[in-house]
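Chemist: One structure, as structure tokens, below. Some questions next.
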Amino acid sequence: MGNCCDAVCGFFGRQKNTNVRVSLPAVCFVWQIAMIILFGVFIRYDEESDAHWAEHKRDHNITSDIENDFYFRYPSFQDVHVMIFIGFGFLMTFLKRYSFGGVGFNFLIASFGLQWALLMQGWFHSLDHTTGKIYIGVESLINADFCCAGSLIAYGALLGKVSPVQLMVVTLFGITLFAVEEYIILTLLHCRDAGGSMVIHAFGGYYGLAISWVLYRPNLHLSKRLNGSVYHSDVFAMIGTLYLWMFWPSFNSAITDHGDGQHRAAINTYLALAASVLTTVAISSMSQKRGKLDMVHIQNATLAGGVAMGTAAEFMITPYGSLIVGFCCGIISTFGYLFVTPFLEKYLKLQDTCGVHNLHAVPGMLGGFIGAIVAAAATESVYSKEGLINTFDFEGDFANRSVGTQGGYQAAGTCVAIAFGLVGGAIVGFILKFPIWGDPADDNCYDDEVYWEVPEEEESIPPVLEYNNHMIHKHQEISESNFSVEQS
Amino acid sequence: MGNCCDAVCGFFGRQKNTNVRVSLPAVCFVWQIAMIILFGVFIRYDEESDAHWAEHKRDHNITSDIENDFYFRYPSFQDVHVMIFIGFGFLMTFLKRYSFGGVGFNFLIASFGLQWALLMQGWFHSLDHTTGKIYIGVESLINADFCCAGSLIAYGALLGKVSPVQLMVVTLFGITLFAVEEYIILTLLHCRDAGGSMVIHAFGGYYGLAISWVLYRPNLHLSKRLNGSVYHSDVFAMIGTLYLWMFWPSFNSAITDHGDGQHRAAINTYLALAASVLTTVAISSMSQKRGKLDMVHIQNATLAGGVAMGTAAEFMITPYGSLIVGFCCGIISTFGYLFVTPFLEKYLKLQDTCGVHNLHAVPGMLGGFIGAIVAAAATESVYSKEGLINTFDFEGDFANRSVGTQGGYQAAGTCVAIAFGLVGGAIVGFILKFPIWGDPADDNCYDDEVYWEVPEEEESIPPVLEYNNHMIHKHQEISESNFSVEQS
Amino acid sequence: MGNCCDAVCGFFGRQKNTNVRVSLPAVCFVWQIAMIILFGVFIRYDEESDAHWAEHKRDHNITSDIENDFYFRYPSFQDVHVMIFIGFGFLMTFLKRYSFGGVGFNFLIASFGLQWALLMQGWFHSLDHTTGKIYIGVESLINADFCCAGSLIAYGALLGKVSPVQLMVVTLFGITLFAVEEYIILTLLHCRDAGGSMVIHAFGGYYGLAISWVLYRPNLHLSKRLNGSVYHSDVFAMIGTLYLWMFWPSFNSAITDHGDGQHRAAINTYLALAASVLTTVAISSMSQKRGKLDMVHIQNATLAGGVAMGTAAEFMITPYGSLIVGFCCGIISTFGYLFVTPFLEKYLKLQDTCGVHNLHAVPGMLGGFIGAIVAAAATESVYSKEGLINTFDFEGDFANRSVGTQGGYQAAGTCVAIAFGLVGGAIVGFILKFPIWGDPADDNCYDDEVYWEVPEEEESIPPVLEYNNHMIHKHQEISESNFSVEQS
């Protein structure tokens with residue numbers, strides 16, 4: 001059997017060298033040193049985190065330290081931070097032998113991504129042209145975490161099939177593309193997208209799918225034995241699911257307007273998520289023999305309501321409107337896992353490990369259009385005159401924009417996000433096809449052994465070996481006794 | 001052996017059909033649609049989450065957005081949210097083969113429960129009779145999470161023995177009963193119970209116990225092989241324990257008065273919990289041969305101090321008073337696990353999977369009486385005149401109530417909570433006895449296989465199978481050689 | 001084999017009695033009762049958590065409840081609390097059979113430690129000499145958690161080799177020593193050390209190392225089979241790692257100045273930690289065949305940046321300065337795991353289970369000196385006059401201290417912390433050598449069986465046993481058939 005296995009490995013893995021001992025350290029060092037230099041040139045504390053705050057406070061008649069933006073946003077920031085590192089990380093531990101890679105590479109690329117995001121978003125959104133500096137505060141940290149989320153979503157489609165070096169490339173380009181599309185959507189088109197249905201989820205989802213499509217592996221079935229969960233890996237994944245689910249209200253409200261904006265976004269997201277759970281359970285149960293629930297659905301589709309509320313959460317969508325969004329998206333997402341993912345794999349040659357198509361791409365796109373509709377339906381009687389201006393930021397150049405126009409731009413923004421994801425992902429996918437990145441062979445995917453020192457198996461094995469010896473011993477006795485019988 | 005097993009299954013499971021393929025989706029859909037309709041009719045944003053906030057702020061001379069209730073309560077809300085979904089959920093993953101059900105059904109029923117709670121609590125506490133609407137904000141979300149806690153506690157007593165459809169029924173009635181008893185205790189009797197010793201823990205505990213008593217399973221010993229933990233399931237359960245333990249100060253302070261009320265409740269709870277840990281360890285160690293600790297005690301009884309401080313945490317119980325409460329409750333709860341749970345099971349026919357009697361019912365009841373005593377002992381010198389009025393809300397109709405009277409009402413409130421739990425639970429238990437809910441047979445409890453698609457066993461099995469083949473192969477050789485020997 | 005094992009156990013374990021059935025409960029009860037009495041004598045609510053807050057507010061012209069310190073610090077407090085109980089606890093679950101001890105004893109000693117810390121820190125820092133009372137609020141709770149951290153770090157060096165009674169002793173003395181060195185460093189030397197590079201990490205690290213050195217076990221190799229991880233225990237440990245990593249910005253900012261101080265400390269720590277991850281991955285990959293990553297490095301060295309920013313985080317170290325600190329400390333810490341820990345064990349007879357030398361001792365010491373340098377380099381133009389006074393607290397007796405002098409005192413403070421750790425640890429180590437504490441024999445370390453009721457092995461074993469029976473059955477058939485052949 002050993003020979004046969006070697007032959008198979010040799011055949012499919014011939015050109016694959018998964019040794020990253022040079023490339024991974026090189027990428028980490030070069031990029032980290034680049035970050036230090038660029039931060040040295042560009043990044044400074046903003047007026048709320050600088051030691052001049054006491055003067056700033058006096059100059060601006062701020063009466064109390066509690067009005068520092070830190071106290072408005074830091075609790076939400078930490079919730080978002082948990083979503084990025086625990087939420088996304090543990091959601092990807094569900095595979096039986098890729099938990100290290102799921103949580104570990106997520107940790108690596110998010111840590112790199114947030115630094116690059118501070119620079120990219122800074123250049124586009126908060127570069128002070130007088131001083132040439134970017135000034136950062138707690139809101140910048142939240143935005144950097146958001147920016148990483150796009151690339152982490154893309155990782156979901158690629159999970160188990162790429163090397164850490166490839167992931168660093170995915171992140172470098174992902175953050176860059178994110179900053180550009182975000183600039184176009186939020187600044188040029190003047191869309192609102194506080195929770196990032198468009199800029200994070202639709203973009204990130206389609207970005208990952210396009211990469212995965214280019215990197216199609218025809219013989220991935222050779223790794224099929226590892227493309228599944230075991231009992232405890234599913235429980236680990238539930239940690240990820242629940243943290244994403246619980247803190248999604250913080251995600252969607254983290255950078256909305258102070259006061260009613262944050263308050264309303266949290267309520268709407270909370271309700272949409274609750275409704276998603278019930279419809280996910282319903283569809284999952286309907287789809288299986290004897291009504292058994294499938295952990296894949298519970299781990300993923302329950303979150304669709306949060307994704308779809310990313311744009312509309314800060315609007316006056318009404319509590320029952322939020323429930324309806326969650327209701328529909330739970331159904332759509334679960335159907336996606338049941339029918340669309342297998343269809344994509346079979347007919348479109350698209351291998352999507354975590355099903356980001358159903359959890360991020362489609363609900364994100366829907367969220368963008370829901371936002372467009374809710375924006376177009378806004379009225380002064382519902383929002384109050386001042387509330388309408390605050391919510392949609394109808395100020396400056398956009399003071400005279402009508403809600404209908406705003407709705408149109410929101411829809412256009414969604415399309416921009418998808419286009420960036422698809423085109424950008426295809427290009428990055430082609431870059432990743434060069435045979436220099438140390439990715440695994442088709443029969444070697446979903447396996448931590450490739451990039452991690454994995455501890456030996458559980459103690460539960462020694463008894464088996466012991467029994468083995470015992471049986472062999474018994475055998476000898478038996479055959480000896482046979483002999484003796486025969487000889488007698 | 002297969003035949004024997006089939007016969008046993010056939011005998012005990014004859015009338016049991018665990019297929020929930022129709023009932024579970026039906027319940028989820030019908031109830032979620034009902035929620036949408038009722039939310040459409042009744043639920044609106046309150047003035048702090050509505051886009052009219054800017055006007056409201058101006059009208060009420062509120063100088064800064066930071067005075068929006070969101071910033072007072074959102075961090076505590078998120079801590080409570082984590083307790084509900086991670087804390088209660090993971091605490092129930094300790095069984096070796098019911099971790100999916102523990103965390104997954106907890107997720108399902110809490111998601112439904114919080115929607116129904118917003119309506120029920122809204123009708124009783126915040127229905128605006130002019131407009132016929134319920135206005136919700138962050139405090140409503142906390143209260144909805146609290147309301148769910150009662151039903152999740154009841155789930156602890158039923159864990160592994162009921163179907164998800166039954167749990168939905170338990171939650172529907174649990175939330176309803178909760179809202180009524182809460183209205184009686186907090187509004188009519190004008191008790192204080194910020195952390196819910198009475199309304200949440202005593203009610204929820206006795207509610208679950210009464211249901212479990214009615215659903216007594218005489219042949220549950222047939223599932224005994226699965227009614228226990230394995231090494232890693234105990235570690236998962238510690239995640240639940242620790243999140244409950246760490247965030248209990250937020251639980252007890254989440255809806256207390258702004259300022260000193262929240263501050264004091266957090267300190268008192270923190271201290272009581274710390275003391276509980278030491279006495280739990282002491283009793284657990286004393287009770288076992290060689291002083292070994294029992295994970296069941298560490299996972300549960302360490303939390304008793306938090307339960308028992310639910311009422312008194314916001315009062316001036318003093319720091320050492322909090323320590324004394326934690327000290328006693330850690331002892332009582334651990335003794336409960338050692339002696340009372342086995343007694344209840346043997347003599348009262350009461351099967352209590354997680355021991356909610358010792359963690360919620362008794363400490364909750366004690367917490368109610370501790371609150372009564374501390375209230376009755378309040379003096380103006382300790383609280384200040386203004387502080388006494390604020391803490392006990394002696395305003396309006398209750399302006400002239402004495403602290404002694406308040407103490408009496410607090411004690412009465414505890415009795416009301418217990419009575420609601422016992423009577424309500426008994427009724428719900430009888431409803432659940434109808435043979436239509438898809439509950440498992442006595443020899444089929446504590447098993448995720450019944451309601452979940454469970455992944456195949458760990459990789460540790462293939463070597464065994466391989467060895468199996470190998471042995472069979474060897475056998476053939478041996479017997480062939482025997483033959484050849486004989487033939488020669 | 002059984003006999004041989006018994007003989008070995010008998011030989012090495014002769015004088016070892018791990019029965020803690022008397023000592024552990026005795027210590028818990030006596031110390032908890034002592035806490036209650038001392039709290040009764042000394043501890044009271046401070047003016048922000050007392051019911052007199054309404055009066056205090058009026059007297060001090062405080063306009064809103066939101067200016068209660070609770071709202072400035074409670075979110076950070078809860079993050080720190082999670083680090084202490086989940087972070088430190090789960091980081092120590094990585095051993096294959098010591099997860100109960102890792103998370104459980106951490107829970108026990110932190111719960112005791114925080115009570116004793118409130119008293120010790122109170123006596124040194126906030127004893128009101130008029131009333132003889134200590135007044136506590138949310139900042140006291142954070143400080144108590146910090147104080148525990150020192151002893152929990154020491155536990156990291158001792159993990160698996162000591163009894164819970166010994167750990168209680170380690171904690172009692174650890175908290176006491178901490179309070180004294182903290183008083184010397186923060187009050188007498190007037191150092192700044194908000195995140196505790198010196199007072200927490202350098203002290204705690206060297207304290208644990210000194211104890212471990214005194215308790216050197218020459219035959220520890222007999223427990224080698226258990227001194228390692230299994231797949232899922234490494235995933236559990238990642239929970240600890242990630243919570244420490246994510247919430248370290250809260251740790252370093254929890255007790256810094258309101259406003260810019262907290263804001264800046266969070267940003268600096270966030271950046272340093274991100275840089276640590278990249279250099280840790282780089283060095284870990286470089287050090288292994290085929291560039292495979294080692295979980296030990298990822299679990300620990302990624303945190304070094306947070307440790308090293310403990311002093312300087314609140315200073316104007318600049319964002320790129322933070323990146324440089326993280327960059328260097330990730331490298332140093334990973335090299336420590338690769339070369340220094342084996343060296344210490346081989347040549348200095350120092351067994352350091354979790355490698356606290358590399359994660360806490362050295363980065364903490366470096367953090368102290370980094371703080372000294374940054375303090376000495378402070379200028380009025382960077383900080384503003386007012387900012388400089390606020391940041392370094394140049395008031396009262398210290399109004400005329402120069403930044404250069406401050407830098408010198410910071411460096412001296414680091415040396416004081418290390419000296420306290422080494423000398424205190426050596427003394428406590430000798431106390432722990434008395435043969436009365438129930439510690440395990442050399443061949444019995446890293447094993448939960450000693451102090452915990454451990455559940456039986458996983459279900460994965462029954463199939464093996466079944467197969468066993470099956471094979472024996474087959475055997476009989478075969479040998480019977482042999483017989484019949486022979487007999488015919």
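Ordered as shown in the structure tokens, chains take letters A, B, and onward, while each chain numbers its residues from 1 and ligands are numbered from 1 in the order shown.
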Select, as a PyMOL selection string, those residues of chain A with any atom no more than 6 Å from chain B (distances computed using only C-alpha atoms).
Modeler: chain A and resi 230+259-260+263-264+274+278+282+285-286+290-294+320+383-384+387
Chemist: Given the choices C:Thr256, C:Met246, C:Ser163, C:Phe203, which gets closest to Val423 of chain C if the distance is worked out from only C-alpha atoms?
Modeler: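 The answer is C:Phe203, which sits nearest to Val423 of chain C.
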Chemist: For Val340 of chain B, find every residue with an atom within 12 Å (counting only C-alpha atoms), except residues of its own chain fewer than 2 positions away, and show them as number ranges by chain.
Modeler: B: 332-338, 342-348, 350-352, 355-359, 362
Chemist: I need the residues from that last selection saved to file as a PDB file, in the first residue's frame (with C-alpha atoms), if you can.
Modeler:
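Everything below was put into part16.pdb:
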ATOM      1  CA  ILE B 332     -24.450  24.798  49.579  1.00  0.00           C
ATOM      2  CA  SER B 333     -24.267  24.327  45.841  1.00  0.00           C
ATOM      3  CA  THR B 334     -21.448  21.768  45.998  1.00  0.00           C
ATOM      4  CA  PHE B 335     -23.289  19.836  48.708  1.00  0.00           C
ATOM      5  CA  GLY B 336     -26.279  19.918  46.394  1.00  0.00           C
ATOM      6  CA  TYR B 337     -24.304  18.198  43.630  1.00  0.00           C
ATOM      7  CA  LEU B 338     -22.940  15.647  46.083  1.00  0.00           C
ATOM      8  CA  PRO B 342     -28.768  11.864  43.679  1.00  0.00           C
ATOM      9  CA  PHE B 343     -31.470  12.070  46.366  1.00  0.00           C
ATOM     10  CA  LEU B 344     -33.901  13.842  44.048  1.00  0.00           C
ATOM     11  CA  GLU B 345     -33.303  11.306  41.331  1.00  0.00           C
ATOM     12  CA  LYS B 346     -33.709   8.310  43.604  1.00  0.00           C
ATOM     13  CA  TYR B 347     -36.577   9.370  45.814  1.00  0.00           C
ATOM     14  CA  LEU B 348     -38.395  12.172  43.996  1.00  0.00           C
ATOM     15  CA  LEU B 350     -36.505  13.971  39.348  1.00  0.00           C
ATOM     16  CA  GLN B 351     -33.816  13.744  36.671  1.00  0.00           C
ATOM     17  CA  ASP B 352     -31.831  16.960  36.516  1.00  0.00           C
ATOM     18  CA  GLY B 355     -28.053  20.032  38.334  1.00  0.00           C
ATOM     19  CA  VAL B 356     -29.972  23.290  37.919  1.00  0.00           C
ATOM     20  CA  HIS B 357     -31.445  22.635  41.337  1.00  0.00           C
ATOM     21  CA  ASN B 358     -28.068  23.355  42.901  1.00  0.00           C
ATOM     22  CA  LEU B 359     -26.894  26.098  40.615  1.00  0.00           C
ATOM     23  CA  VAL B 362     -31.636  27.015  45.466  1.00  0.00           C
TER      24      VAL B 362
END
Chemist: Residues within 9 Å of Val416 of chain B, please, as a count of residues only. Count only C-alpha atoms; anything in the same chain fewer than 3 positions from it doesn't count.
Modeler: 12
Chemist: Expressed in Å to a single decimal, how great is the separation between atom CA of Lys133 of chain B and atom CA of Leu119 of chain B?
Modeler: 10.2 Å
Chemist: Would you work out the distance separating atom CA of Ala179 of chain C from atom CA of Ala308 of chain C, expressed in Å to one decimal?
Modeler: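 Separation between atom CA of Ala179 of chain C and atom CA of Ala308 of chain C: 21.0 Å.
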Chemist: What does the structure give for the distance between atom CA of Gly408 of chain C and atom CA of Ala312 of chain C, in Å to one decimal?
Modeler: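 Between atom CA of Gly408 of chain C and atom CA of Ala312 of chain C the gap works out to 14.3 Å.
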Chemist: From the DSSP assignment of the backbone, select every residue of segment 342-476 of chain C that is alpha helix (DSSP H), and format the answer as number ranges by chain.
Modeler: C: 342-347, 356, 362-376, 380-383, 385-392, 403-432, 461-476
Chemist: Taking 6 positions as the minimum chain separation for residues in the same chain, which residues sit within 9 Å of Leu226 of chain A when counting only C-alpha atoms? Answer as a PyMOL selection string.
Modeler: chain A and resi 95-98+445-447
Chemist: Taking the DSSP secondary structure from the backbone, can you list the residues of segment 87-286 of chain B that are strand (DSSP E or B), as a list of chain:residue names?
Modeler: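 Those in segment 87-286 of chain B that DSSP calls strand (DSSP E or B) are B:Leu127, B:Asp128, B:Lys133, B:Ile134, B:Tyr135, B:Ile136.
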Chemist: Any idea what's packed within 12 Å of segment 212-221 of chain C, counting only C-alpha atoms, ignoring anything in its chain fewer than 5 positions away? Could you give it as an MDAnalysis selection string?
Modeler: chainID C and resid 8:9 11:13 154:162 166 170 205:207 226:227 344:357 421:435 439:446
Chemist: Of the candidates A:Val382, A:Ala237, A:Leu209, A:Leu186, which shows the shortest atom-to-atom distance to Ser151 of chain A, using only C-alpha atoms?
Modeler: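 The shortest atom-to-atom distance to Ser151 of chain A comes from A:Leu209.
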Chemist: Quick one: of A:Val374, A:Gly195, A:His190, A:Tyr243, who's nearest to Asp393 of chain A, counting only C-alpha atoms?
Modeler: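 Closest candidate: A:His190.
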